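A.B. asks: Take this structure, written in structure tokens, and hold onto it; I'll ask about it next.
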Amino acid sequence: FLTIEVTGARTFADAKQVASTIATSSLVKTAFYGQDANWGRILCAVGYAGVALDTHKVNMAIYPGDNSDPLVLVKGGEPLLPVDEARASEILKQEDMRVRVELGLGSEEARMYTCDLSHDYVSINADYRVARVFSGIQPTGVPQLGNYLGSIKNWVTLQSQHLDPASSQPHDQYISIVDLHALTVPRPPARLRADTFEMAASLIACGIDPSRTVLFRQSTVHAHTQLMWALACITPVGWLNRMTQWKSKLHGSQQYGSLNVHSAAAQSLLTGLFAYPVLMAADVLLYGATHIPVGDDQIQHIEFTRDVCDQFHKTYGHVFSAPRVLLSQTKRVMSLKDPLRKMSKSDPNDSSRINLTDSDDAIIRKIRKAHTDSIQGISYDPAERPGISSLLSIYAALRDVSPEQVVQEMEGFTNLQMKEAVASAVIETVGPIREHMARLVDDRGYVERVLRENEEKAKSVAEDNWKNIAKCIGLS
């Protein structure tokens with residue numbers, strides 16, 4: 001659906017004028033509206049140039065400023081006649097009334113087209129919203145292989161994909177280095193600054209193109225925390241209590257059983273760690289993101305964001321589009337030392353992971369010492385052979401094939417031969433990244449300039465959206 005909201009219209013002529021303005025804009029092919037004072041035909045269909053319009057999905061309603069029930073004018077493409085013109089006139093007199101039109105474009109995406117009418121002046125604050133991808137990554141310094149295969153490689157691939165078949169334009173992609181989220185685990189300020197720079201350089205070295213992707217530091221865009229507070233004020237504590245990540249971090253394992261915010265073990269829980277899912281929701285909603293690429297362990301956060309989005313709409317009215325999940329094809333990359341645990345930068349044992357700055361010799365040594373088993377032959381069985389299966393998964397992800405295909409390729413291999421093949425594949429990927437990263441670290445000014453330029457782009461979008469949100473909740 002495409003959503004059009006008209007605010008400030010006070011008469012039928014005003015609505016007709018809005019339709020005329022939309023019809024003559026370069027964004028659309030046609031707009032239909034009646035010649036009389038019949039609300040059912042004022043704004044019943046708008047079609048984007050070159051985009052087929054499904055008239056059966058056209059809906060229109062007037063929404064009162066007092067949040068009472070809307071007056072539905074068109075449903076499923078059919079005007080609901082006769083219109084209660086007395087009710088329509090009553091709503092039109094309200095200060096915060098709005099008209100919403102939903103247009104089916106043969107896509108599940110929800111897009112917003114807003115028109116603000118003041119007296120004889122029509123201002124259209126809208127554009128054709130292509131699909132927008134948003135991702136965030138913690139500033140942990142140089143990423144490890146699990147970060148690359150689980151997220152970064154997918155982001156690089158997305159830069160050349162076309163997510164919205166209804167649009168002739170490529171989708172937008174925003175990647176935020178979430179330094180505000182990093183504060184949930186305090187570290188020395190100099191360390192955080194260094195880690196943030198290293199993460200930015202690493203992402204560029206991995207293939208993130210700053211001219212194609214808006215790469216920015218979260219803390220430089222103040223609207224993130226402004227929206228977080230607005231969302232926190234309508235988010236029940238029970239929703240946060242159900243989130244599993246704070247429990248696993250607090251408890252130190254996945255066996256947290258009945259742990260909840262009221263448990264004795266949770267009384268040392270820091271508010272930032274407990275409430276950070278609200279900031280994560282603000283990150284996504286602030287940019288009107290339509291697609292969120294995540295691993296299977298992050299789906300709960302997207303569900304939480306959709307719940308917060310619905311809660312906001314029930315409280316203040318429709319502003320956001322609920323994002324969709326783009327599930328990463330690569331499952332979690334496991335520790336080289338304990339294949340039942342995820343590969344992580346927080347593991348004190350450096351041999352448990354492959355860092356993207358590791359030398360070729362270090363990569364060979366770490367993979368050669370990776371935990372496997374004494375069973376003869378190569379087979380993929382995560383339950384019975386987690387160590388072997390983890391290495392096969394790494395090789396498969398690097399080669400863009402399935403683990404089963406890798407098993408066929410390595411038929412007759414010994415464990416040592418298999419490890420040598422995995423190490424070779426890792427070096428083939430990591431080597432160029434490591435060399436590019438070294439050049440970027442030596443050219444700090446370039447990385448800083450890229451961040452500043454992209455941060456201006458992010459601020460422009462975020463601040464415009466925050467103005468609309470602030471108006472909706474009564475802050476302006």
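The way I read the labels, and the way they are meant: chains A, B, ... in the order of the structure tokens, residue 1 as the first residue of every chain, and ligand 1 as the first ligand shown, with later ones counted on from there.
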As JSON, numbers by chain, list the residues of stretch 157-355 of chain A assigned to strand (DSSP E) by DSSP on the backbone atoms of this structure.

C.D. replies: {"A": [172, 173, 174, 175, 176, 177, 214, 215, 216, 217, 291, 292, 293, 294, 324, 325, 326, 327]}

A.B. asks: Quick one: residues within 7 Å of stretch 140-157 of chain A, only C-alpha atoms counted, chain neighbours fewer than 2 positions away excluded, as a list in words?

C.D. replies: Gln138, Gln159, Ser160, Gln161, Asp195, Thr196, Glu198, Met199, Ser202, Gly207, Ile208, Gly295, Ser328, Thr330, Lys331, Arg332, Val333, Met343, Lys345, Arg353, Ile354, Asn355, Leu356 and Ala397 of chain A

A.B. asks: Would you pick out the contacts of stretch 183-188 of chain A at 8 Å or less, using only C-alpha atoms, so that residues sharing its chain but fewer than 4 positions from it are not included, and give the list as a list in words?

C.D. replies: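 Within the cut-off, the hits are Asp179, Leu192, Leu270, Gly272, Leu273 and Tyr276 of chain A.
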
A.B. asks: Can you tell me how far atom CA of A:Met410 sits from atom CA of A:Val430, in Å to one decimal?

C.D. replies: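 Atom-to-atom, atom CA of A:Met410 to atom CA of A:Val430, that is 21.9 Å.
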
A.B. asks: With only C-alpha atoms as the counted atoms, please give the residues lying no more than 12 Å from A:Lys369, apart from itself and same-chain residues fewer than 3 positions off, as a list in words.

C.D. replies: Ser335, Leu336, Lys337, Asp338, Ser351, Ser352, Arg353, Ala362, Ile363, Ile364, Arg365, Lys366, Thr372, Asp373, Gly387, Leu391, Asn415, Leu416, Lys419, Glu420 and Ala423 of chain A

A.B. asks: Could those selected residues go to a file with all heavy atoms, as a compact mmCIF listing (two decimals), in the first residue's frame?

C.D. replies:
```txt
# COMPACT_ATOMS: atom_id res chain seq x y z
N SER A 335 32.15 -20.78 17.68
CA SER A 335 33.51 -20.68 18.20
C SER A 335 34.37 -21.83 17.70
O SER A 335 33.91 -22.98 17.61
CB SER A 335 33.47 -20.68 19.73
OG SER A 335 34.76 -20.91 20.28
N LEU A 336 35.63 -21.53 17.40
CA LEU A 336 36.55 -22.58 16.96
C LEU A 336 36.94 -23.50 18.11
O LEU A 336 37.34 -24.65 17.88
CB LEU A 336 37.81 -21.95 16.36
CG LEU A 336 37.62 -21.08 15.11
CD1 LEU A 336 38.96 -20.48 14.68
CD2 LEU A 336 37.00 -21.88 13.98
N LYS A 337 36.81 -23.02 19.33
CA LYS A 337 37.19 -23.81 20.51
C LYS A 337 36.00 -24.51 21.15
O LYS A 337 36.15 -25.57 21.76
CB LYS A 337 37.89 -22.91 21.53
CG LYS A 337 39.28 -22.48 21.13
CD LYS A 337 40.17 -23.70 20.92
CE LYS A 337 41.60 -23.33 20.60
NZ LYS A 337 42.43 -24.53 20.34
N ASP A 338 34.83 -23.91 21.04
CA ASP A 338 33.61 -24.51 21.60
C ASP A 338 32.50 -24.34 20.58
O ASP A 338 31.81 -23.32 20.57
CB ASP A 338 33.25 -23.83 22.92
CG ASP A 338 31.99 -24.44 23.56
OD1 ASP A 338 31.40 -25.35 22.95
OD2 ASP A 338 31.60 -23.98 24.65
N SER A 351 42.01 -17.52 20.19
CA SER A 351 42.02 -18.66 19.27
C SER A 351 40.62 -19.16 18.95
O SER A 351 40.46 -20.03 18.09
CB SER A 351 42.85 -19.81 19.88
OG SER A 351 44.21 -19.44 20.02
N SER A 352 39.62 -18.63 19.63
CA SER A 352 38.25 -19.06 19.41
C SER A 352 37.63 -18.42 18.17
O SER A 352 36.54 -18.81 17.75
CB SER A 352 37.38 -18.73 20.63
OG SER A 352 37.23 -17.32 20.76
N ARG A 353 38.31 -17.45 17.58
CA ARG A 353 37.72 -16.69 16.47
C ARG A 353 38.79 -16.33 15.44
O ARG A 353 39.99 -16.35 15.72
CB ARG A 353 37.09 -15.40 16.99
CG ARG A 353 38.06 -14.46 17.67
CD ARG A 353 37.39 -13.24 18.27
NE ARG A 353 38.35 -12.48 19.08
CZ ARG A 353 38.58 -12.68 20.37
NH1 ARG A 353 37.90 -13.63 21.00
NH2 ARG A 353 39.47 -11.97 21.02
N ALA A 362 48.30 -16.95 11.24
CA ALA A 362 47.41 -17.05 12.40
C ALA A 362 46.12 -17.78 12.03
O ALA A 362 45.60 -18.59 12.82
CB ALA A 362 47.09 -15.65 12.93
N ILE A 363 45.60 -17.51 10.84
CA ILE A 363 44.37 -18.18 10.39
C ILE A 363 44.61 -19.69 10.27
O ILE A 363 43.80 -20.50 10.74
CB ILE A 363 43.92 -17.59 9.04
CG1 ILE A 363 43.45 -16.15 9.23
CG2 ILE A 363 42.78 -18.44 8.44
CD1 ILE A 363 43.19 -15.40 7.93
N ILE A 364 45.72 -20.07 9.65
CA ILE A 364 46.03 -21.49 9.49
C ILE A 364 46.17 -22.15 10.86
O ILE A 364 45.63 -23.25 11.11
CB ILE A 364 47.33 -21.66 8.67
CG1 ILE A 364 47.10 -21.20 7.24
CG2 ILE A 364 47.80 -23.11 8.72
CD1 ILE A 364 48.38 -21.12 6.41
N ARG A 365 46.87 -21.49 11.77
CA ARG A 365 47.10 -22.06 13.11
C ARG A 365 45.78 -22.23 13.86
O ARG A 365 45.53 -23.28 14.47
CB ARG A 365 48.05 -21.16 13.90
CG ARG A 365 48.39 -21.70 15.29
CD ARG A 365 49.38 -20.82 16.02
NE ARG A 365 48.83 -19.49 16.32
CZ ARG A 365 49.14 -18.38 15.67
NH1 ARG A 365 50.01 -18.42 14.66
NH2 ARG A 365 48.61 -17.22 16.00
N LYS A 366 44.91 -21.21 13.82
CA LYS A 366 43.65 -21.28 14.56
C LYS A 366 42.73 -22.37 14.02
O LYS A 366 42.10 -23.10 14.80
CB LYS A 366 42.94 -19.92 14.51
CG LYS A 366 43.61 -18.84 15.35
CD LYS A 366 42.85 -17.52 15.24
CE LYS A 366 43.47 -16.42 16.10
NZ LYS A 366 42.72 -15.16 16.03
N THR A 372 37.40 -30.50 16.71
CA THR A 372 36.66 -31.40 15.81
C THR A 372 36.38 -32.70 16.57
O THR A 372 36.06 -32.67 17.75
CB THR A 372 37.44 -31.66 14.51
OG1 THR A 372 38.78 -32.05 14.82
CG2 THR A 372 37.48 -30.41 13.63
N ASP A 373 36.49 -33.84 15.90
CA ASP A 373 36.27 -35.14 16.57
C ASP A 373 37.14 -36.18 15.88
O ASP A 373 37.86 -35.89 14.91
CB ASP A 373 34.79 -35.53 16.53
CG ASP A 373 34.21 -35.54 15.12
OD1 ASP A 373 34.83 -36.19 14.25
OD2 ASP A 373 33.17 -34.91 14.88
N GLY A 387 31.73 -29.57 15.74
CA GLY A 387 32.99 -28.95 15.34
C GLY A 387 33.20 -29.03 13.84
O GLY A 387 33.49 -28.04 13.17
N LEU A 391 32.96 -25.87 10.80
CA LEU A 391 33.95 -25.55 9.78
C LEU A 391 33.38 -25.69 8.38
O LEU A 391 33.68 -24.88 7.49
CB LEU A 391 35.18 -26.45 9.95
CG LEU A 391 36.00 -26.23 11.23
CD1 LEU A 391 37.13 -27.26 11.33
CD2 LEU A 391 36.57 -24.82 11.27
N ASN A 415 40.29 -35.05 8.27
CA ASN A 415 40.00 -33.81 8.99
C ASN A 415 41.05 -32.74 8.71
O ASN A 415 40.74 -31.56 8.56
CB ASN A 415 39.93 -34.07 10.50
CG ASN A 415 38.62 -34.71 10.92
OD1 ASN A 415 37.76 -34.97 10.08
ND2 ASN A 415 38.48 -35.00 12.21
N LEU A 416 42.32 -33.17 8.61
CA LEU A 416 43.39 -32.22 8.34
C LEU A 416 43.24 -31.59 6.96
O LEU A 416 43.40 -30.37 6.79
CB LEU A 416 44.76 -32.89 8.47
CG LEU A 416 45.98 -32.00 8.17
CD1 LEU A 416 46.00 -30.80 9.12
CD2 LEU A 416 47.27 -32.80 8.28
N LYS A 419 40.45 -29.07 7.06
CA LYS A 419 40.86 -27.84 7.74
C LYS A 419 41.75 -26.99 6.83
O LYS A 419 41.64 -25.76 6.82
CB LYS A 419 41.59 -28.16 9.04
CG LYS A 419 40.67 -28.68 10.15
CD LYS A 419 41.44 -28.94 11.43
CE LYS A 419 40.52 -29.35 12.56
NZ LYS A 419 41.25 -29.57 13.83
N GLU A 420 42.59 -27.62 6.07
CA GLU A 420 43.45 -26.88 5.14
C GLU A 420 42.62 -26.18 4.07
O GLU A 420 42.91 -25.04 3.69
CB GLU A 420 44.46 -27.83 4.50
CG GLU A 420 45.54 -28.31 5.45
CD GLU A 420 46.46 -29.35 4.83
OE1 GLU A 420 46.10 -29.88 3.74
OE2 GLU A 420 47.53 -29.63 5.41
N ALA A 423 40.88 -23.22 5.77
CA ALA A 423 41.85 -22.13 6.01
C ALA A 423 42.15 -21.39 4.71
O ALA A 423 42.25 -20.15 4.69
CB ALA A 423 43.13 -22.70 6.62
```

A.B. asks: Suppose you want the space between atom CA of A:Arg434 and atom CA of A:Met418; what is it in Å?

C.D. replies: 23.7 Å

A.B. asks: Running DSSP on the backbone, which parts of stretch 340-426 of chain A land in helix (DSSP H, G or I), as a PyMOL selection string?

C.D. replies: chain A and resi 350-352+360-368+386-399+403-409+415-426

A.B. asks: Write out as a list in words each polymer residue whose atoms come within 6 Å of A:Ala205, counting only C-alpha atoms; drop sequence neighbours fewer than 6 positions from it.

C.D. replies: Ile433, His436 and Met437 of chain A

A.B. asks: Between A:Val319, A:Ile302, A:Val237, A:Val178, which residue has the minimum interatomic distance to A:Ala275, considering only C-alpha atoms?

C.D. replies: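 The answer is A:Val237, which sits nearest to A:Ala275.
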
A.B. asks: Do a neighbour search on stretch 284-288 of chain A at 10 Å with only C-alpha atoms, toss out local chain neighbours closer than 6 positions, and write the hits as a VMD selection string.

C.D. replies: chain A and resid 110 to 112 129 131 to 136 174 223 to 224 226 to 228 302 305 to 306 308 to 309 319 to 323 458 to 459 461 to 466 469

A.B. asks: Selected residues, C-alpha atoms, written as a tab-separated table (two decimals), in the first residue's frame, please.

C.D. replies:
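The file below, selection_11.tsv, is the result:
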```tsv
chain	number	residue	atom	x	y	z
A	110	ALA	CA	3.52	0.56	3.19
A	111	ARG	CA	4.66	4.00	2.08
A	112	MET	CA	3.66	7.42	3.28
A	129	ARG	CA	9.67	5.93	-1.10
A	131	ALA	CA	12.54	0.18	-0.13
A	132	ARG	CA	14.95	1.12	2.64
A	133	VAL	CA	17.29	-1.25	4.45
A	134	PHE	CA	18.51	-0.39	7.95
A	135	SER	CA	21.13	-2.26	9.95
A	136	GLY	CA	23.14	-1.51	13.05
A	174	TYR	CA	21.58	2.75	6.04
A	223	ALA	CA	16.74	12.14	16.81
A	224	HIS	CA	17.56	8.53	17.77
A	226	GLN	CA	14.42	11.71	21.02
A	227	LEU	CA	12.34	9.01	19.38
A	228	MET	CA	13.53	6.43	21.87
A	302	ILE	CA	12.06	-7.10	15.01
A	305	THR	CA	9.78	-3.21	16.99
A	306	ARG	CA	6.57	-4.14	15.17
A	308	VAL	CA	6.02	-0.84	19.48
A	309	CYS	CA	5.03	0.44	16.05
A	319	VAL	CA	3.00	7.33	11.22
A	320	PHE	CA	5.38	4.40	10.73
A	321	SER	CA	5.59	1.46	8.36
A	322	ALA	CA	6.18	-1.87	10.08
A	323	PRO	CA	9.51	-3.31	8.84
A	458	ALA	CA	21.36	10.57	7.91
A	459	LYS	CA	20.59	13.73	9.90
A	461	VAL	CA	16.30	12.19	6.80
A	462	ALA	CA	16.06	11.61	10.56
A	463	GLU	CA	15.35	15.24	11.46
A	464	ASP	CA	12.64	15.58	8.81
A	465	ASN	CA	10.97	12.41	10.06
A	466	TRP	CA	11.32	13.50	13.70
A	469	ILE	CA	6.65	12.48	14.63
```

A.B. asks: Using only C-alpha atoms, can you tell me which of A:Trp229, A:Phe197, A:Tyr380, A:Tyr316 comes closest to A:Val441?

C.D. replies: A:Phe197
